[in-house]
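Data file: work_11.txt. Format and content: compact mmCIF, C-alpha atoms.
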```
# COMPACT_ATOMS: atom_id res chain seq x y z
CA MET A 22 21.78 17.56 -2.41
CA ARG A 23 19.86 14.61 -0.99
CA ILE A 24 17.60 12.44 -3.14
CA TYR A 25 14.57 10.65 -1.73
CA LEU A 26 13.58 7.49 -3.65
CA ASP A 27 11.63 5.65 -0.94
CA HIS A 28 8.11 6.97 -1.46
CA ASN A 29 6.51 3.54 -1.01
CA ALA A 30 7.64 3.68 2.62
CA THR A 31 6.22 7.16 3.14
CA THR A 32 5.94 10.47 1.32
CA PRO A 33 6.67 14.08 2.29
CA VAL A 34 3.54 15.91 3.41
CA ASP A 35 2.33 18.40 0.81
CA SER A 36 2.52 22.04 1.92
CA THR A 37 -1.18 22.53 1.15
CA VAL A 38 -1.97 19.59 3.42
CA ILE A 39 0.14 21.09 6.20
CA GLU A 40 -1.66 24.41 5.91
CA ALA A 41 -5.08 22.74 6.04
CA MET A 42 -4.09 20.67 9.07
CA ASP A 43 -2.72 23.73 10.85
CA HIS A 44 -6.01 25.53 10.25
CA ALA A 45 -7.95 22.51 11.56
CA LEU A 46 -5.77 22.29 14.68
CA ARG A 47 -6.39 25.94 15.43
CA ASN A 48 -10.03 26.26 14.43
CA CYS A 49 -11.66 22.80 14.45
CA PHE A 50 -10.79 21.72 17.98
CA GLY A 51 -14.37 20.81 18.93
CA ASN A 52 -15.50 17.22 19.30
CA PRO A 53 -17.34 16.33 16.07
CA SER A 54 -19.91 14.40 18.12
CA SER A 55 -20.90 17.55 20.04
CA VAL A 56 -24.04 19.37 18.97
CA HIS A 57 -22.82 22.91 19.71
CA ALA A 58 -21.21 25.18 17.11
CA TYR A 59 -17.65 24.10 17.92
CA GLY A 60 -18.56 20.46 17.45
CA GLN A 61 -20.43 21.13 14.23
CA THR A 62 -17.44 23.01 12.82
CA ALA A 63 -15.33 19.94 13.46
CA LYS A 64 -18.01 17.69 12.00
CA ALA A 65 -18.12 19.78 8.84
CA ALA A 66 -14.36 19.37 8.47
CA LEU A 67 -14.76 15.61 9.03
CA ASP A 68 -17.49 15.42 6.39
CA GLY A 69 -15.30 17.33 3.94
CA GLY A 70 -12.49 14.82 4.36
CA ARG A 71 -14.91 11.94 3.91
CA ALA A 72 -16.31 13.42 0.72
CA ALA A 73 -12.81 13.95 -0.70
CA VAL A 74 -11.76 10.36 -0.04
CA ALA A 75 -14.99 9.12 -1.59
CA GLU A 76 -14.33 11.20 -4.69
CA LEU A 77 -10.82 9.76 -5.01
CA LEU A 78 -12.29 6.24 -5.08
CA ASN A 79 -15.49 7.05 -7.02
CA ALA A 80 -17.49 6.01 -3.97
CA GLN A 81 -20.18 7.43 -1.70
CA PRO A 82 -19.12 9.39 1.42
CA SER A 83 -21.32 7.14 3.58
CA GLU A 84 -19.13 4.19 2.56
CA ILE A 85 -15.89 5.73 3.92
CA LEU A 86 -14.73 4.61 7.37
CA PHE A 87 -11.75 6.44 8.89
CA THR A 88 -9.01 4.45 10.64
CA GLY A 89 -5.65 5.18 12.24
CA SER A 90 -3.63 3.60 9.40
CA GLY A 91 -3.71 1.30 6.39
CA THR A 92 -2.80 -1.54 8.73
CA GLU A 93 -5.86 -0.87 10.87
CA ALA A 94 -8.02 -0.70 7.75
CA ASP A 95 -6.72 -4.12 6.66
CA ASN A 96 -7.31 -5.53 10.13
CA LEU A 97 -10.83 -4.18 10.32
CA ALA A 98 -11.67 -5.59 6.90
CA LEU A 99 -10.47 -9.10 7.75
CA ARG A 100 -11.32 -9.32 11.44
CA GLY A 101 -14.54 -7.35 11.15
CA LEU A 102 -15.88 -9.51 8.37
CA ALA A 103 -14.73 -12.74 10.04
CA ALA A 104 -16.56 -11.73 13.21
CA ALA A 105 -19.71 -10.95 11.21
CA VAL A 106 -19.90 -14.43 9.66
CA GLN A 107 -22.52 -16.61 11.30
CA PRO A 108 -20.85 -19.43 13.28
CA GLY A 109 -21.01 -22.82 11.61
CA THR A 110 -21.31 -21.42 8.09
CA LYS A 111 -18.15 -20.22 6.34
CA ASN A 112 -14.69 -20.60 7.90
CA HIS A 113 -12.19 -20.11 5.05
CA LEU A 114 -10.11 -17.03 4.10
CA ILE A 115 -7.90 -16.57 1.03
CA ALA A 116 -5.05 -14.13 0.34
CA THR A 117 -1.82 -14.23 -1.68
CA ALA A 118 1.69 -15.16 -0.64
CA ILE A 119 2.88 -11.59 -1.33
CA GLU A 120 0.44 -9.62 0.81
CA HIS A 121 1.62 -6.99 3.26
CA GLU A 122 2.26 -8.20 6.81
CA ALA A 123 -0.90 -6.37 7.89
CA VAL A 124 -2.87 -9.02 6.01
CA LEU A 125 -0.57 -12.03 6.43
CA ASN A 126 -0.18 -11.67 10.18
CA THR A 127 -3.89 -11.04 10.62
CA LEU A 128 -4.62 -14.26 8.74
CA LYS A 129 -2.24 -16.09 11.07
CA ALA A 130 -4.09 -14.67 14.07
CA LEU A 131 -7.46 -15.69 12.64
CA ASN A 132 -6.08 -19.12 11.87
CA ARG A 133 -5.37 -19.57 15.57
CA THR A 134 -9.03 -18.88 16.34
CA GLY A 135 -10.33 -21.63 14.07
CA TRP A 136 -10.35 -20.07 10.62
CA THR A 137 -8.69 -21.97 7.78
CA THR A 138 -6.55 -19.92 5.41
CA SER A 139 -5.06 -20.37 1.94
CA LEU A 140 -2.32 -18.33 0.24
CA LEU A 141 -2.41 -18.11 -3.53
CA PRO A 142 0.92 -18.44 -5.36
CA VAL A 143 2.25 -15.84 -7.81
CA ASP A 144 4.27 -16.28 -10.98
CA GLU A 145 7.78 -14.98 -11.65
CA THR A 146 6.40 -11.45 -12.19
CA GLY A 147 4.53 -11.45 -8.89
CA THR A 148 1.13 -11.77 -10.57
CA VAL A 149 -1.73 -13.94 -9.35
CA ASP A 150 -3.26 -16.26 -11.95
CA PRO A 151 -7.06 -16.15 -11.54
CA THR A 152 -7.08 -19.89 -12.18
CA SER A 153 -5.34 -20.40 -8.85
CA LEU A 154 -8.22 -18.66 -7.10
CA GLU A 155 -10.70 -20.85 -8.94
CA GLN A 156 -8.85 -23.88 -7.61
CA ALA A 157 -8.55 -22.63 -4.02
CA ILE A 158 -11.99 -21.14 -3.40
CA THR A 159 -14.74 -23.26 -1.87
CA ASP A 160 -18.28 -22.82 -0.62
CA ASP A 161 -16.71 -22.26 2.83
CA THR A 162 -14.73 -19.20 1.66
CA ALA A 163 -15.97 -16.03 3.35
CA LEU A 164 -13.41 -13.51 2.07
CA VAL A 165 -10.66 -13.16 -0.51
CA SER A 166 -8.03 -10.44 0.09
CA VAL A 167 -5.61 -9.53 -2.71
CA MET A 168 -3.57 -6.33 -2.70
CA HIS A 169 -4.13 -3.98 -5.64
CA ALA A 170 -0.41 -3.41 -6.14
CA ASN A 171 2.53 -4.88 -4.26
CA ASN A 172 4.56 -2.52 -2.10
CA GLU A 173 7.95 -4.08 -2.99
CA ILE A 174 7.70 -4.70 -6.73
CA GLY A 175 4.69 -2.59 -7.74
CA THR A 176 2.93 -5.35 -9.69
CA ILE A 177 -0.76 -4.59 -10.23
CA GLN A 178 -3.10 -7.55 -9.79
CA PRO A 179 -6.15 -8.42 -11.96
CA ILE A 180 -8.47 -7.36 -9.16
CA SER A 181 -11.74 -7.11 -11.09
CA GLU A 182 -11.33 -10.63 -12.50
CA LEU A 183 -10.43 -12.04 -9.09
CA ALA A 184 -13.35 -10.24 -7.42
CA THR A 185 -15.75 -11.69 -9.99
CA ILE A 186 -14.57 -15.21 -9.17
CA ALA A 187 -14.98 -14.56 -5.43
CA HIS A 188 -18.52 -13.28 -5.89
CA GLN A 189 -19.46 -16.23 -8.08
CA HIS A 190 -18.65 -18.45 -5.10
CA GLY A 191 -20.46 -16.33 -2.54
CA ALA A 192 -17.34 -14.76 -1.01
CA LEU A 193 -16.62 -11.09 -0.39
CA PHE A 194 -13.48 -9.40 -1.75
CA HIS A 195 -11.06 -6.99 -0.05
CA THR A 196 -8.13 -5.23 -1.66
CA ASP A 197 -5.28 -3.41 0.05
CA ALA A 198 -4.90 -0.35 -2.19
CA VAL A 199 -2.37 1.43 0.03
CA GLN A 200 0.22 1.49 -2.77
CA THR A 201 -2.16 2.56 -5.55
CA ALA A 202 -4.36 5.22 -3.94
CA GLY A 203 -3.17 8.61 -5.11
CA LYS A 204 -0.67 7.12 -7.57
CA TYR A 205 -2.96 5.20 -9.90
CA PRO A 206 -6.63 5.82 -10.83
CA ILE A 207 -9.01 3.83 -8.61
CA ASP A 208 -12.71 3.24 -9.26
CA VAL A 209 -14.32 0.88 -6.77
CA ALA A 210 -17.20 0.24 -9.14
CA THR A 211 -14.84 -0.88 -11.90
CA LEU A 212 -12.75 -2.97 -9.53
CA GLY A 213 -15.86 -4.71 -8.25
CA VAL A 214 -14.53 -5.14 -4.71
CA ASP A 215 -16.42 -5.00 -1.41
CA LEU A 216 -13.77 -3.46 0.84
CA LEU A 217 -10.70 -1.34 0.02
CA SER A 218 -7.95 0.03 2.29
CA ILE A 219 -5.89 3.21 1.86
CA SER A 220 -3.33 5.18 3.89
CA ALA A 221 -2.80 8.96 3.75
CA HIS A 222 0.97 9.01 4.18
CA LYS A 223 1.50 7.06 0.98
CA PHE A 224 0.24 9.97 -1.13
CA ASN A 225 1.59 13.09 0.55
CA GLY A 226 -0.82 13.14 3.48
CA PRO A 227 -0.06 12.75 7.19
CA LYS A 228 0.86 9.57 9.02
CA GLY A 229 -1.60 8.10 11.49
CA VAL A 230 -4.74 8.18 9.36
CA GLY A 231 -6.21 5.82 6.79
CA ALA A 232 -9.57 4.73 5.51
CA LEU A 233 -11.55 1.62 4.70
CA TRP A 234 -14.11 1.80 1.95
CA VAL A 235 -16.97 -0.58 2.72
CA ARG A 236 -19.56 -1.28 0.06
CA ARG A 237 -23.02 -0.39 1.31
CA GLY A 238 -24.69 -3.44 2.83
CA THR A 239 -21.44 -5.17 3.81
CA ARG A 240 -21.64 -6.21 7.46
CA LEU A 241 -18.64 -5.64 9.74
CA ILE A 242 -18.28 -6.19 13.46
CA PRO A 243 -16.14 -3.41 14.99
CA GLU A 244 -12.81 -4.42 16.45
CA MET A 245 -12.65 -1.37 18.69
CA THR A 246 -15.73 -0.77 20.82
CA GLY A 247 -16.83 2.30 22.69
CA GLY A 248 -18.85 5.22 21.34
CA GLY A 249 -20.88 5.29 18.16
CA GLN A 250 -18.35 7.05 15.93
CA GLU A 251 -18.02 6.07 12.27
CA LYS A 252 -21.50 4.56 12.26
CA ASN A 253 -20.66 2.28 15.20
CA ARG A 254 -17.82 0.62 13.28
CA ARG A 255 -14.78 2.39 14.75
CA ALA A 256 -15.12 3.85 18.22
CA GLY A 257 -13.07 6.81 19.42
CA THR A 258 -13.07 10.55 18.83
CA GLU A 259 -11.93 11.15 15.27
CA ASN A 260 -8.55 12.71 14.53
CA VAL A 261 -10.04 15.70 12.73
CA PRO A 262 -6.79 17.48 11.66
CA ALA A 263 -5.35 14.25 10.24
CA ILE A 264 -8.61 13.47 8.42
CA VAL A 265 -8.61 17.00 7.01
CA GLY A 266 -5.06 16.32 5.79
CA LEU A 267 -6.15 13.04 4.23
CA GLY A 268 -8.99 14.82 2.48
CA VAL A 269 -6.77 17.53 1.03
CA ALA A 270 -4.21 14.94 -0.10
CA ALA A 271 -7.03 12.97 -1.74
CA ARG A 272 -8.29 16.04 -3.60
CA LEU A 273 -4.79 16.91 -4.81
CA ALA A 274 -4.22 13.32 -5.92
CA LYS A 275 -7.56 13.07 -7.69
CA LYS A 276 -6.78 16.21 -9.67
CA ALA A 277 -3.24 15.23 -10.68
CA VAL A 278 -3.06 11.43 -10.66
CA GLU A 279 -3.38 10.73 -14.38
CA HIS A 280 -0.88 13.39 -15.47
CA GLN A 281 1.51 12.77 -12.60
CA SER A 282 1.51 9.01 -13.15
CA LYS A 283 2.79 9.58 -16.70
CA VAL A 284 5.52 11.94 -15.51
CA THR A 285 6.59 9.57 -12.75
CA ALA A 286 6.48 6.56 -15.05
CA LYS A 287 8.89 8.24 -17.46
CA LEU A 288 11.32 9.05 -14.65
CA ARG A 289 11.03 5.50 -13.35
CA ASP A 290 11.66 4.06 -16.83
CA ASP A 291 14.64 6.37 -17.33
CA LEU A 292 16.04 5.20 -13.99
CA GLU A 293 15.57 1.54 -14.89
CA SER A 294 17.08 1.76 -18.35
CA GLY A 295 19.92 3.93 -17.09
CA ILE A 296 20.87 1.52 -14.30
CA LEU A 297 20.69 -1.52 -16.55
CA SER A 298 22.89 0.20 -19.14
CA VAL A 299 25.68 1.30 -16.78
CA VAL A 300 25.68 -1.52 -14.19
CA SER A 301 26.21 -5.06 -15.46
CA ASP A 302 24.37 -8.09 -14.09
CA THR A 303 21.28 -6.20 -12.96
CA PHE A 304 17.71 -7.46 -13.31
CA ILE A 305 14.24 -5.99 -12.92
CA ASN A 306 11.95 -7.85 -10.54
CA GLY A 307 8.23 -7.75 -11.25
CA SER A 308 5.77 -7.24 -14.07
CA SER A 309 5.69 -4.54 -16.72
CA ASN A 310 2.19 -3.84 -15.38
CA ARG A 311 3.20 -1.89 -12.29
CA VAL A 312 2.35 1.25 -10.42
CA PRO A 313 4.22 4.02 -12.26
CA ASN A 314 6.60 4.94 -9.47
CA THR A 315 8.16 1.61 -8.50
CA THR A 316 11.09 -0.49 -9.66
CA ASN A 317 12.81 -3.34 -7.85
CA ILE A 318 16.29 -4.21 -9.16
CA SER A 319 18.66 -7.05 -8.28
CA PHE A 320 22.39 -6.29 -8.29
CA THR A 321 24.28 -9.56 -8.66
CA GLY A 322 27.17 -9.97 -6.23
CA VAL A 323 26.06 -7.10 -3.98
CA GLU A 324 24.38 -7.38 -0.59
CA ALA A 325 21.39 -5.07 -0.72
CA GLU A 326 21.85 -3.71 2.81
CA SER A 327 25.42 -2.70 1.99
CA LEU A 328 24.33 -0.94 -1.19
CA LEU A 329 21.50 0.80 0.66
CA ILE A 330 23.96 2.18 3.23
CA ALA A 331 26.43 3.21 0.53
CA LEU A 332 23.70 5.04 -1.36
CA ASP A 333 22.52 6.75 1.81
CA LEU A 334 26.06 7.98 2.50
CA ALA A 335 26.05 9.32 -1.06
CA GLY A 336 22.82 11.20 -0.32
CA ILE A 337 20.35 8.82 -1.99
CA ALA A 338 17.58 7.17 0.06
CA VAL A 339 16.23 3.83 -1.18
CA SER A 340 14.89 0.63 0.40
CA THR A 341 15.46 -3.11 0.37
CA GLY A 342 11.70 -3.73 0.51
CA SER A 343 8.84 -3.10 2.90
CA ALA A 344 9.61 -0.48 5.55
CA CYS A 345 7.56 -2.57 7.99
CA SER A 346 10.12 -5.39 7.65
CA SER A 347 13.30 -3.32 7.74
CA GLY A 348 16.05 -4.75 9.92
CA THR A 349 15.14 -8.37 9.30
CA LEU A 350 17.84 -10.70 7.99
CA GLU A 351 15.30 -12.84 6.15
CA PRO A 352 15.01 -12.39 2.37
CA SER A 353 11.86 -10.71 1.09
CA HIS A 354 8.84 -13.02 1.26
CA VAL A 355 7.59 -11.32 -1.91
CA LEU A 356 10.68 -12.10 -3.97
CA LYS A 357 10.88 -15.62 -2.56
CA ALA A 358 7.24 -16.22 -3.51
CA MET A 359 8.13 -15.20 -7.06
CA GLY A 360 10.67 -18.03 -7.17
CA LEU A 361 13.80 -15.89 -6.87
CA SER A 362 16.77 -17.50 -5.19
CA THR A 363 17.68 -16.41 -1.68
CA HIS A 364 20.86 -14.85 -3.12
CA ARG A 365 18.99 -12.74 -5.66
CA ALA A 366 16.31 -11.77 -3.16
CA GLN A 367 19.02 -10.47 -0.83
CA ASN A 368 20.61 -8.48 -3.69
CA SER A 369 17.50 -6.43 -4.48
CA ILE A 370 16.87 -2.71 -4.02
CA ARG A 371 13.52 -0.93 -4.31
CA PHE A 372 13.47 2.52 -5.87
CA SER A 373 10.11 4.28 -5.43
CA LEU A 374 9.60 7.74 -6.87
CA GLY A 375 7.29 10.59 -5.89
CA LEU A 376 5.88 13.93 -6.94
CA ASN A 377 9.02 15.98 -6.33
CA ASN A 378 11.63 13.80 -8.01
CA THR A 379 13.38 15.35 -11.01
CA GLU A 380 15.31 14.21 -14.05
CA THR A 381 18.45 15.70 -12.48
CA GLU A 382 18.02 13.41 -9.47
CA ILE A 383 17.53 10.38 -11.71
CA VAL A 384 20.69 11.20 -13.67
CA ARG A 385 22.70 11.64 -10.50
CA THR A 386 21.46 8.31 -9.12
CA ILE A 387 22.45 6.53 -12.33
CA GLN A 388 25.86 8.18 -12.28
CA THR A 389 26.45 7.30 -8.61
CA LEU A 390 25.60 3.59 -8.76
CA PRO A 391 28.40 2.11 -10.93
CA THR A 392 31.24 3.15 -8.61
CA LEU A 393 29.40 1.94 -5.51
CA VAL A 394 28.43 -1.40 -7.04
CA HIS A 395 31.93 -1.97 -8.41
CA LYS A 396 33.46 -1.30 -4.97
CA LEU A 397 31.01 -3.59 -3.17
CA ARG A 398 31.49 -6.38 -5.69
CA ALA A 399 35.25 -6.10 -5.30
CA LEU A 400 34.90 -6.30 -1.51
CA SER A 401 32.62 -9.30 -1.86
CA ARG A 402 35.13 -11.13 -4.06
CA THR A 403 37.94 -10.30 -1.62
CA GLY A 404 35.98 -11.62 1.32
CA SER A 405 34.86 -14.84 -0.35
```
As structure tokens, how would this structure be written, given the file I've shared?
Amino acid sequence: MRIYLDHNATTPVDSTVIEAMDHALRNCFGNPSSVHAYGQTAKAALDGGRAAVAELLNAQPSEILFTGSGTEADNLALRGLAAAVQPGTKNHLIATAIEHEAVLNTLKALNRTGWTTSLLPVDETGTVDPTSLEQAITDDTALVSVMHANNEIGTIQPISELATIAHQHGALFHTDAVQTAGKYPIDVATLGVDLLSISAHKFNGPKGVGALWVRRGTRLIPEMTGGGQEKNRRAGTENVPAIVGLGVAARLAKKAVEHQSKVTAKLRDDLESGILSVVSDTFINGSSNRVPNTTNISFTGVEAESLLIALDLAGIAVSTGSACSSGTLEPSHVLKAMGLSTHRAQNSIRFSLGLNNTETEIVRTIQTLPTLVHKLRALSRTGS
């Protein structure tokens, strides 16, 4: 039996999603921009996916813009808005020190083109203090981008409060909701944001498709030019089967998210308490206010990569942090930003649960860890 506890990296595609995508591949092959019946069949499938995503976010279908990934959605939000700003007016962008690389590296790129950027600090739980935004924002700030929940520790940010501050200073607000969409209820009206990014493969949809919600009236300059698809904001023939899959995943998530989040949260809490009770010198990283599926735990005296490999050999898949940064020898920028020592940051494992995890799997994981940790600690002491 293998156990998959790395759902923040990606999730298995739901069987209903697979069936819908198979049907779309076979029957919706027309170009949705074509006026004939084949094209209009594809367009109807496209519109259905758009409506489903809008319903997941409590938005209007006309506000949904399809992309090839969450990363592209983040890029379009930041680059598209930056390009839309009138030259000589605003030239300042704000994010946090724990954003995903899709945001951080885009800010670096914009910085090289003349934009100034600021990164807000976080406290020891990985939470942004709204006061820090008040201190950093200026009349030159065009956009503030703060992720809804962090992919490594799961901490949920006070987005509505932060968005209010941004708007009071004439700035727009973007949130990367890749790790909350489908796992945690989202209402764009309640959040008060202007742009919001999601990715299908984080909630049992296919890889290679995402979406950017853009509040009506928000001006974006497209990064990819060509035809007039997606209301002239994202050129290229749409990936209809993938969008159909995203739509079905969104409908399934919308229907089950509140109940499932409670079930997953209990399993996550059982996992946390079980690990802390059977493995000494372990610590939870992050806030108690987290997405229900995520826990990040430091194992003192154990190199995380070694424990990850040992767990994988035992049939349990976990992560040391963001899948987009796997293979790097640098400690997590998220954990470092929280003030954790390099040693503790390099001792941390992320467990992220999903729809199909069971209590039996949680019990087995708890039972497996003590022997592995004890062995690795003994090896570490021998080698030191």
### Message
Using all atoms listed in the file, can you tell me which of A:Asn310, A:Thr386, A:Ser55, A:Thr88 comes closest to A:Arg255?
### Response
A:Thr88
### Query
Could you pull the residues within 8 Å of A:Ile85, counting all atoms listed in the file, minus those fewer than 2 positions along the same chain, as a count of residues only?
11
### Message
Need to verify the contact set: A:Phe224, 10 Å, all atoms listed in the file, exclusion of same-chain residues closer than 6 positions in sequence. Can you return it as a PyMOL selection string?
### Response
chain A and resi 28-29+31-35+199-204+267+270-271+273-274+375-376
### Message
Just want the 8 Å neighbourhood of A:Pro227, counted on only C-alpha atoms, with same-chain residues fewer than 2 positions away dropped. Output as a ChimeraX atom specification.
### Response
/A:34,221-222,225,229-230,263,266-267
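The nearest approach to A:Val124 among the residues A:Glu279, A:Glu324, A:Asp95, A:Asp150, with all atoms listed in the file taken into account, belongs to A:Asp95.
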#### Entry: Non-local contacts of stretch 180-186 of chain A (9 Å; all atoms listed in the file; under 5 positions in same chain excluded) as a PyMOL selection string
chain A and resi 149-151+154-155+158+165+167-169+191-196+211-215
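Put simply, atom CA of A:Ile318 is 5.5 Å away from atom CA of A:Phe304.
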### Message
List as a list in words the protein and nucleic acid residues near A:Ser340, meaning an atom at most 7 Å away when all atoms listed in the file are counted, but skip any in the same chain fewer than 5 places from it.
### Response
Asp27, Leu329, Ile370, Arg371 and Phe372 of chain A
